[in-house]
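Participant: Provided herewith is a single structure, encoded as structure tokens, for subsequent inquiry.
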Amino acid sequence: MEKTESLHNLRHSLAHLLAAAVLELHPDAKRTIGPSIEDGFYYDFEFTTPPSEKDLPKIEKKMREILKSWKEFTHEEKTPAEAREYFKDNPYKLELIEEIEKKGEKITFYTAGKFTDLCRGGHLENPANEISPDAFRLDRLAGAYWRGDEKNKMLTRIYGLAFEKKEELEAYLTLREEALKRDHKKLGKELDLFTFSELVGPGLPLWTPKGTILRNTLDEFVWSLRKKYGYQKVEIPHITKKDLYEKSGHWDKFKDELFRITTREGHEFAMKPMNCPHHTQIFDRRQWSYKEMPQRYANTTMCYRDEQTGELSGLSRLRSFAQDDAHVFCRLGQVKEEILKIWDVINTFYGAVGFKLSYRLSMHNPEAMDEYLGDEKTWLVAEKSLRDLLTENNIPFVEAIGEAAFYGPKIDCMGKDSLGREWQVATVQLDMNMPERFDLNCINEKGEKERIVMIHAAIMGSIERFLSIVISHYAGAFPLWLSPIQVKILPISTEKHLDFAQKVFEELSAGGLRVELDDSNEGLGKKIRNAKTEKIPYLIVIGDKEKDSSTLTVEGRGDEKIENISVKDALALFLEKITSKV
């Protein structure tokens with residue numbers, strides 16, 4: 001058994017064990033579902049009197065007691081009638097049984113010790129021997145709507161952490177503790193980057209001046225890289241008629257995630273959740289010759305999705321977000337060249353950010369073709385094009401069945417941050433289906449209409465989600481080129497040194513740096529502490545020596561210190577670091 005499958009089975013077995021312990025301690029509780037998740041497991045319950053965080057050690061202790069008797073998992077098939085009789089007092093299980101019956105699937109019960117549950121399987125053969133009692137722990141409580149629908153009853157979710165060895169659990173807890181210090185929600189508030197307002201609504205972030213600088217700096221960097229490859233900026237409205245998304249296929253796929261608008265005349269519109277259908281209409285405004293291909297459009301613009309309140313999370317999951325979107329309309333024979341240009345943009349950008357990338361070829365699931373646009377033959381052609389490109393350029397990759405976009409396969413770039421966590425970041429998608437649906441073509445060398453293809457490329461994707469990763473990656477201590485405030489000037493005395501400090505401020509600002517002058521009457525020690533709390537890359541302390549010599553003392557993070565440097569030379573040093581992205 002592969003390690004990933006073994007770990008899944010371990011965690012799923014522990015979800016059963018959690019439910020068994022809860023039912024012994026709370027016999028009136030109604031259990032619902034309990035899957036394995038990335039770092040452990042959870043189980044949702046309806047309690048008459050819900051437990052509190054202080055009750056978790058008691059439940060955990062009961063789990064370890066029960067574990068000793070769990071020598072095996074056995075299973076048996078049940079008829080729908082038998083299953084309903086067993087769970088006659090549990091409306092949640094009855095709902096699941098009805099769904100399984102409608103799908104024509106087998107209804108299976110799994111038993112370990114005295115505990116039986118409705119389950120599809122995926123357990124350890126001998127939990128008592130295979131689960132290390134000190135390699136799991138209960139973690140926290142949370143509220144969760146049944147089936148994730150806020151119209152349903154709120155349940156109590158108990159989360160657990162689980163690994164194969166105690167050392168792995170301890171390493172995870174250490175990593176998580178560091179991740180909490182780097183939490184983008186915490187740092188975003190401390191560094192005054194973004195805020196949320198109850199009046200505006202959840203999932204709708206507001207960006208402060210400093211946060212806006214951060215966004216714009218990243219977006220302008222991406223644009224500078226795209227511009228040299230002939231991309232042109234376009235702009236589109238934030239709403240569209242329903243017809244556009246029906247034609248593109250997005251309406252059937254995403255209709256439940258759309259913010260819908262009905263006009264006074266009764267027309268149905270939607271807030272755009274993505275930009276590609278709009279861009280097809282910019283391309284389709286006139287007939288193109290093969291000599292004019294490719295056409296490359298870039299557009300950083302807001303998108304909107306009606307996410308459920310319980311699924312919103314800081315900048316990671318929002319209702320409004322900006323995408324640094326680009327679409328290339330080209331001939332099939334131009335695909336590889338165009339993707340290699342995008343590849344250069346991606347590698348340059350993530351090299352500057354400091355992420356090491358790996359690559360995943362995300363393909364369709366041949367057993368679920370009804371979930372995708374187009375036919376399988378078209379998909380196989382598109383997937384072969386991407387696979388050949390990766391292979392020919394000696395780019396290592398893994399294949400992932402079922403991870404494609406619904407309109408085409410994609411290359412997903414997976415980036416590791418400073419804590420070793422892996423995130424999906426940039427993505428390049430080859431779309432042969434939307435051009436077909438919109439009848440997009442060019443006139444080829446023979447004077448005939450030729451179907452074109454479409455490449456979707458997002459470097460950051462959602463800028464908000466990307467920033468949630470970047471803020472944590474740097475722990476808020478951004479490099480000089482990215483930092484909202486790059487240099488802070490600290491006069492020791494506002495009476496004696498402010499005039500020279502003001503002159504330095506003006507020269508550095510005029511040179512293109514983002515500079516702040518602390519002209520408060522606080523002592524130098526407090527000024528330095530405040531600047532370090534703000535995680536500003538460079539401090540310039542100005543006292544008698546600097547004023548008399550018209551030179552500067554520059555202090556960077558860590559032990560970096562430069563003394564007796566002129567304002568001109570300091571500016572040149574800063575600008576060189578910014579240009580080289582160090």
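We label chains A, B, ... in the order they appear in the structure tokens, count residues from 1 in each chain, and number ligands from 1 in the order shown.
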Residues near Gly160 (chain A), anyone? I mean within 8 Å using only C-alpha atoms, not counting same-chain ones fewer than 5 positions away, as a list in words.
Facilitator: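 The residues that qualify are Gly40, Phe41, Tyr42, Phe136, Arg137, Leu138, Asp139 and Arg140 of chain A.
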Participant: Compile the contact shell of region 222-232 of chain A as a PyMOL selection string: residues with an atom at most 9 Å away, counting only C-alpha atoms, same-chain residues fewer than 6 positions apart removed.
Facilitator: chain A and resi 295-299+324+326+328+341-342+344-346+348-349+459-460
Participant: The selected residues should be written to file as a JSON list (two decimals), in the first residue's frame (atoms: N, CA and C atoms).
Facilitator:
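So the final result, stored in again.json, reads:
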```
[["chain", "number", "residue", "atom", "x", "y", "z"],
["A", 295, "GLN", "N", -2.84, 36.79, -31.15],
["A", 295, "GLN", "CA", -3.34, 37.97, -30.46],
["A", 295, "GLN", "C", -3.24, 37.68, -28.97],
["A", 296, "ARG", "N", -2.58, 38.60, -28.24],
["A", 296, "ARG", "CA", -2.31, 38.36, -26.81],
["A", 296, "ARG", "C", -2.94, 39.48, -25.97],
["A", 297, "TYR", "N", -3.89, 39.12, -25.13],
["A", 297, "TYR", "CA", -4.60, 40.10, -24.30],
["A", 297, "TYR", "C", -4.28, 39.87, -22.82],
["A", 298, "ALA", "N", -4.02, 40.95, -22.11],
["A", 298, "ALA", "CA", -3.77, 40.89, -20.66],
["A", 298, "ALA", "C", -4.74, 41.81, -19.95],
["A", 299, "ASN", "N", -5.21, 41.36, -18.79],
["A", 299, "ASN", "CA", -6.28, 42.10, -18.11],
["A", 299, "ASN", "C", -6.29, 41.74, -16.62],
["A", 324, "ASP", "N", -4.84, 38.30, -12.47],
["A", 324, "ASP", "CA", -3.92, 38.84, -13.49],
["A", 324, "ASP", "C", -4.02, 37.92, -14.72],
["A", 326, "ALA", "N", -4.57, 36.53, -18.61],
["A", 326, "ALA", "CA", -4.13, 36.78, -19.99],
["A", 326, "ALA", "C", -4.61, 35.64, -20.86],
["A", 328, "VAL", "N", -4.15, 34.10, -24.90],
["A", 328, "VAL", "CA", -3.48, 34.12, -26.20],
["A", 328, "VAL", "C", -4.37, 33.37, -27.19],
["A", 341, "LYS", "N", 7.03, 31.27, -23.94],
["A", 341, "LYS", "CA", 7.13, 32.69, -23.56],
["A", 341, "LYS", "C", 6.49, 32.89, -22.19],
["A", 342, "ILE", "N", 5.34, 32.26, -21.99],
["A", 342, "ILE", "CA", 4.68, 32.34, -20.68],
["A", 342, "ILE", "C", 5.57, 31.71, -19.62],
["A", 344, "ASP", "N", 8.77, 31.67, -19.50],
["A", 344, "ASP", "CA", 9.81, 32.62, -19.13],
["A", 344, "ASP", "C", 9.28, 33.65, -18.14],
["A", 345, "VAL", "N", 8.06, 34.11, -18.38],
["A", 345, "VAL", "CA", 7.43, 35.07, -17.46],
["A", 345, "VAL", "C", 7.28, 34.44, -16.07],
["A", 346, "ILE", "N", 6.78, 33.21, -16.04],
["A", 346, "ILE", "CA", 6.55, 32.51, -14.76],
["A", 346, "ILE", "C", 7.86, 32.32, -14.00],
["A", 348, "THR", "N", 10.75, 33.88, -14.30],
["A", 348, "THR", "CA", 11.35, 35.15, -13.86],
["A", 348, "THR", "C", 10.62, 35.69, -12.64],
["A", 349, "PHE", "N", 9.29, 35.65, -12.70],
["A", 349, "PHE", "CA", 8.49, 36.18, -11.60],
["A", 349, "PHE", "C", 8.73, 35.40, -10.32],
["A", 459, "ILE", "N", -0.47, 34.32, -13.88],
["A", 459, "ILE", "CA", 0.84, 34.21, -13.21],
["A", 459, "ILE", "C", 0.65, 34.13, -11.70],
["A", 460, "MET", "N", -0.12, 35.06, -11.15],
["A", 460, "MET", "CA", -0.46, 34.98, -9.72],
["A", 460, "MET", "C", -1.80, 34.29, -9.52]]
```
Participant: If you count only C-alpha atoms, which residues fall within 9 Å of Ile528 (chain A), apart from same-chain ones fewer than 6 positions away, as number ranges by chain?
Facilitator: A: 490, 539, 541
Participant: When you look at region 198-209 of chain A with a cut-off of 10 Å (counting only C-alpha atoms), what residues show up, excluding the ones that are within fewer than 6 positions of it in the same chain? I need them as a PyMOL selection string.
Facilitator: chain A and resi 188+192+215+304-321+464+484
Participant: Return the single residue from A:Leu390, A:Cys119, A:Leu552, A:Ile471 that is closest to Glu76 (chain A), with distances computed using only C-alpha atoms.
Facilitator: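 Nearest to Glu76 (chain A): A:Cys119.
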Participant: Can you list, as a PDB file with all heavy atoms, in the first residue's frame, every protein, DNA or RNA residue that comes within 10 Å of Ser6 (chain A) when you count only C-alpha atoms, leaving out same-chain residues fewer than 4 positions away?
Facilitator:
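Output file result39.pdb is given in full below:
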```pdb
ATOM      1  N   MET A   1       0.841  -1.191   0.000  1.00  0.00           N
ATOM      2  CA  MET A   1       0.000   0.000   0.000  1.00  0.00           C
ATOM      3  C   MET A   1       0.886   1.255   0.000  1.00  0.00           C
ATOM      4  O   MET A   1       1.812   1.363   0.783  1.00  0.00           O
ATOM      5  CB  MET A   1      -0.906   0.010   1.240  1.00  0.00           C
ATOM      6  CG  MET A   1      -1.894   1.180   1.289  1.00  0.00           C
ATOM      7  SD  MET A   1      -2.804   1.243   2.859  1.00  0.00           S
ATOM      8  CE  MET A   1      -3.680  -0.286   2.817  1.00  0.00           C
ATOM      9  N   GLU A   2       0.603   2.216  -0.904  1.00  0.00           N
ATOM     10  CA  GLU A   2       1.386   3.433  -0.936  1.00  0.00           C
ATOM     11  C   GLU A   2       1.181   4.221   0.343  1.00  0.00           C
ATOM     12  O   GLU A   2       0.142   4.131   1.006  1.00  0.00           O
ATOM     13  CB  GLU A   2       0.977   4.279  -2.141  1.00  0.00           C
ATOM     14  CG  GLU A   2       1.331   3.661  -3.479  1.00  0.00           C
ATOM     15  CD  GLU A   2       0.991   4.589  -4.629  1.00  0.00           C
ATOM     16  OE1 GLU A   2       0.541   5.714  -4.363  1.00  0.00           O
ATOM     17  OE2 GLU A   2       1.178   4.173  -5.782  1.00  0.00           O
ATOM     18  N   LEU A  10      -5.432   5.431   7.685  1.00  0.00           N
ATOM     19  CA  LEU A  10      -5.191   5.662   9.111  1.00  0.00           C
ATOM     20  C   LEU A  10      -6.089   6.788   9.621  1.00  0.00           C
ATOM     21  O   LEU A  10      -6.744   6.669  10.670  1.00  0.00           O
ATOM     22  CB  LEU A  10      -3.714   5.994   9.333  1.00  0.00           C
ATOM     23  CG  LEU A  10      -3.254   6.257  10.771  1.00  0.00           C
ATOM     24  CD1 LEU A  10      -1.811   5.798  10.949  1.00  0.00           C
ATOM     25  CD2 LEU A  10      -3.344   7.746  11.138  1.00  0.00           C
ATOM     26  N   ARG A  11      -6.111   7.879   8.877  1.00  0.00           N
ATOM     27  CA  ARG A  11      -6.898   9.041   9.318  1.00  0.00           C
ATOM     28  C   ARG A  11      -8.394   8.762   9.268  1.00  0.00           C
ATOM     29  O   ARG A  11      -9.143   9.199  10.154  1.00  0.00           O
ATOM     30  CB  ARG A  11      -6.527  10.250   8.456  1.00  0.00           C
ATOM     31  CG  ARG A  11      -5.134  10.771   8.769  1.00  0.00           C
ATOM     32  CD  ARG A  11      -4.621  11.758   7.748  1.00  0.00           C
ATOM     33  NE  ARG A  11      -3.366  12.375   8.212  1.00  0.00           N
ATOM     34  CZ  ARG A  11      -2.551  13.088   7.452  1.00  0.00           C
ATOM     35  NH1 ARG A  11      -2.843  13.284   6.170  1.00  0.00           N
ATOM     36  NH2 ARG A  11      -1.445  13.611   7.960  1.00  0.00           N
ATOM     37  N   HIS A  12      -8.817   8.029   8.240  1.00  0.00           N
ATOM     38  CA  HIS A  12     -10.236   7.699   8.163  1.00  0.00           C
ATOM     39  C   HIS A  12     -10.627   6.741   9.291  1.00  0.00           C
ATOM     40  O   HIS A  12     -11.717   6.850   9.867  1.00  0.00           O
ATOM     41  CB  HIS A  12     -10.550   7.081   6.801  1.00  0.00           C
ATOM     42  CG  HIS A  12     -12.019   6.853   6.586  1.00  0.00           C
ATOM     43  ND1 HIS A  12     -12.959   7.835   6.787  1.00  0.00           N
ATOM     44  CD2 HIS A  12     -12.706   5.741   6.203  1.00  0.00           C
ATOM     45  CE1 HIS A  12     -14.162   7.361   6.526  1.00  0.00           C
ATOM     46  NE2 HIS A  12     -14.036   6.078   6.183  1.00  0.00           N
ATOM     47  N   GLY A 122     -11.997   2.145   3.214  1.00  0.00           N
ATOM     48  CA  GLY A 122     -10.734   2.861   3.271  1.00  0.00           C
ATOM     49  C   GLY A 122     -10.224   2.938   4.694  1.00  0.00           C
ATOM     50  O   GLY A 122     -10.095   4.030   5.260  1.00  0.00           O
ATOM     51  N   HIS A 123      -9.944   1.768   5.306  1.00  0.00           N
ATOM     52  CA  HIS A 123      -9.513   1.705   6.704  1.00  0.00           C
ATOM     53  C   HIS A 123      -8.256   0.859   6.837  1.00  0.00           C
ATOM     54  O   HIS A 123      -7.866   0.149   5.909  1.00  0.00           O
ATOM     55  CB  HIS A 123     -10.607   1.089   7.585  1.00  0.00           C
ATOM     56  CG  HIS A 123     -11.965   1.680   7.387  1.00  0.00           C
ATOM     57  ND1 HIS A 123     -12.917   1.099   6.583  1.00  0.00           N
ATOM     58  CD2 HIS A 123     -12.520   2.813   7.872  1.00  0.00           C
ATOM     59  CE1 HIS A 123     -14.020   1.840   6.590  1.00  0.00           C
ATOM     60  NE2 HIS A 123     -13.807   2.895   7.359  1.00  0.00           N
ATOM     61  N   LEU A 124      -7.670   0.918   8.017  1.00  0.00           N
ATOM     62  CA  LEU A 124      -6.566   0.020   8.338  1.00  0.00           C
ATOM     63  C   LEU A 124      -7.113  -1.364   8.661  1.00  0.00           C
ATOM     64  O   LEU A 124      -8.227  -1.489   9.185  1.00  0.00           O
ATOM     65  CB  LEU A 124      -5.781   0.553   9.535  1.00  0.00           C
ATOM     66  CG  LEU A 124      -5.119   1.919   9.358  1.00  0.00           C
ATOM     67  CD1 LEU A 124      -4.473   2.356  10.676  1.00  0.00           C
ATOM     68  CD2 LEU A 124      -4.076   1.886   8.244  1.00  0.00           C
ATOM     69  N   GLU A 130      -1.726  -0.790  14.120  1.00  0.00           N
ATOM     70  CA  GLU A 130      -1.206   0.105  13.094  1.00  0.00           C
ATOM     71  C   GLU A 130      -1.297   1.589  13.460  1.00  0.00           C
ATOM     72  O   GLU A 130      -0.675   2.421  12.796  1.00  0.00           O
ATOM     73  CB  GLU A 130      -1.941  -0.138  11.776  1.00  0.00           C
ATOM     74  CG  GLU A 130      -1.717  -1.534  11.205  1.00  0.00           C
ATOM     75  CD  GLU A 130      -2.481  -1.763   9.921  1.00  0.00           C
ATOM     76  OE1 GLU A 130      -2.118  -1.144   8.908  1.00  0.00           O
ATOM     77  OE2 GLU A 130      -3.463  -2.543   9.939  1.00  0.00           O
ATOM     78  N   GLU A 164       1.682   8.999  11.072  1.00  0.00           N
ATOM     79  CA  GLU A 164       2.076   7.616  11.334  1.00  0.00           C
ATOM     80  C   GLU A 164       3.005   7.496  12.543  1.00  0.00           C
ATOM     81  O   GLU A 164       3.029   6.466  13.205  1.00  0.00           O
ATOM     82  CB  GLU A 164       2.746   7.028  10.084  1.00  0.00           C
ATOM     83  CG  GLU A 164       1.760   6.868   8.926  1.00  0.00           C
ATOM     84  CD  GLU A 164       2.390   6.268   7.692  1.00  0.00           C
ATOM     85  OE1 GLU A 164       3.601   6.464   7.503  1.00  0.00           O
ATOM     86  OE2 GLU A 164       1.671   5.611   6.919  1.00  0.00           O
TER      87      GLU A 164
END
```
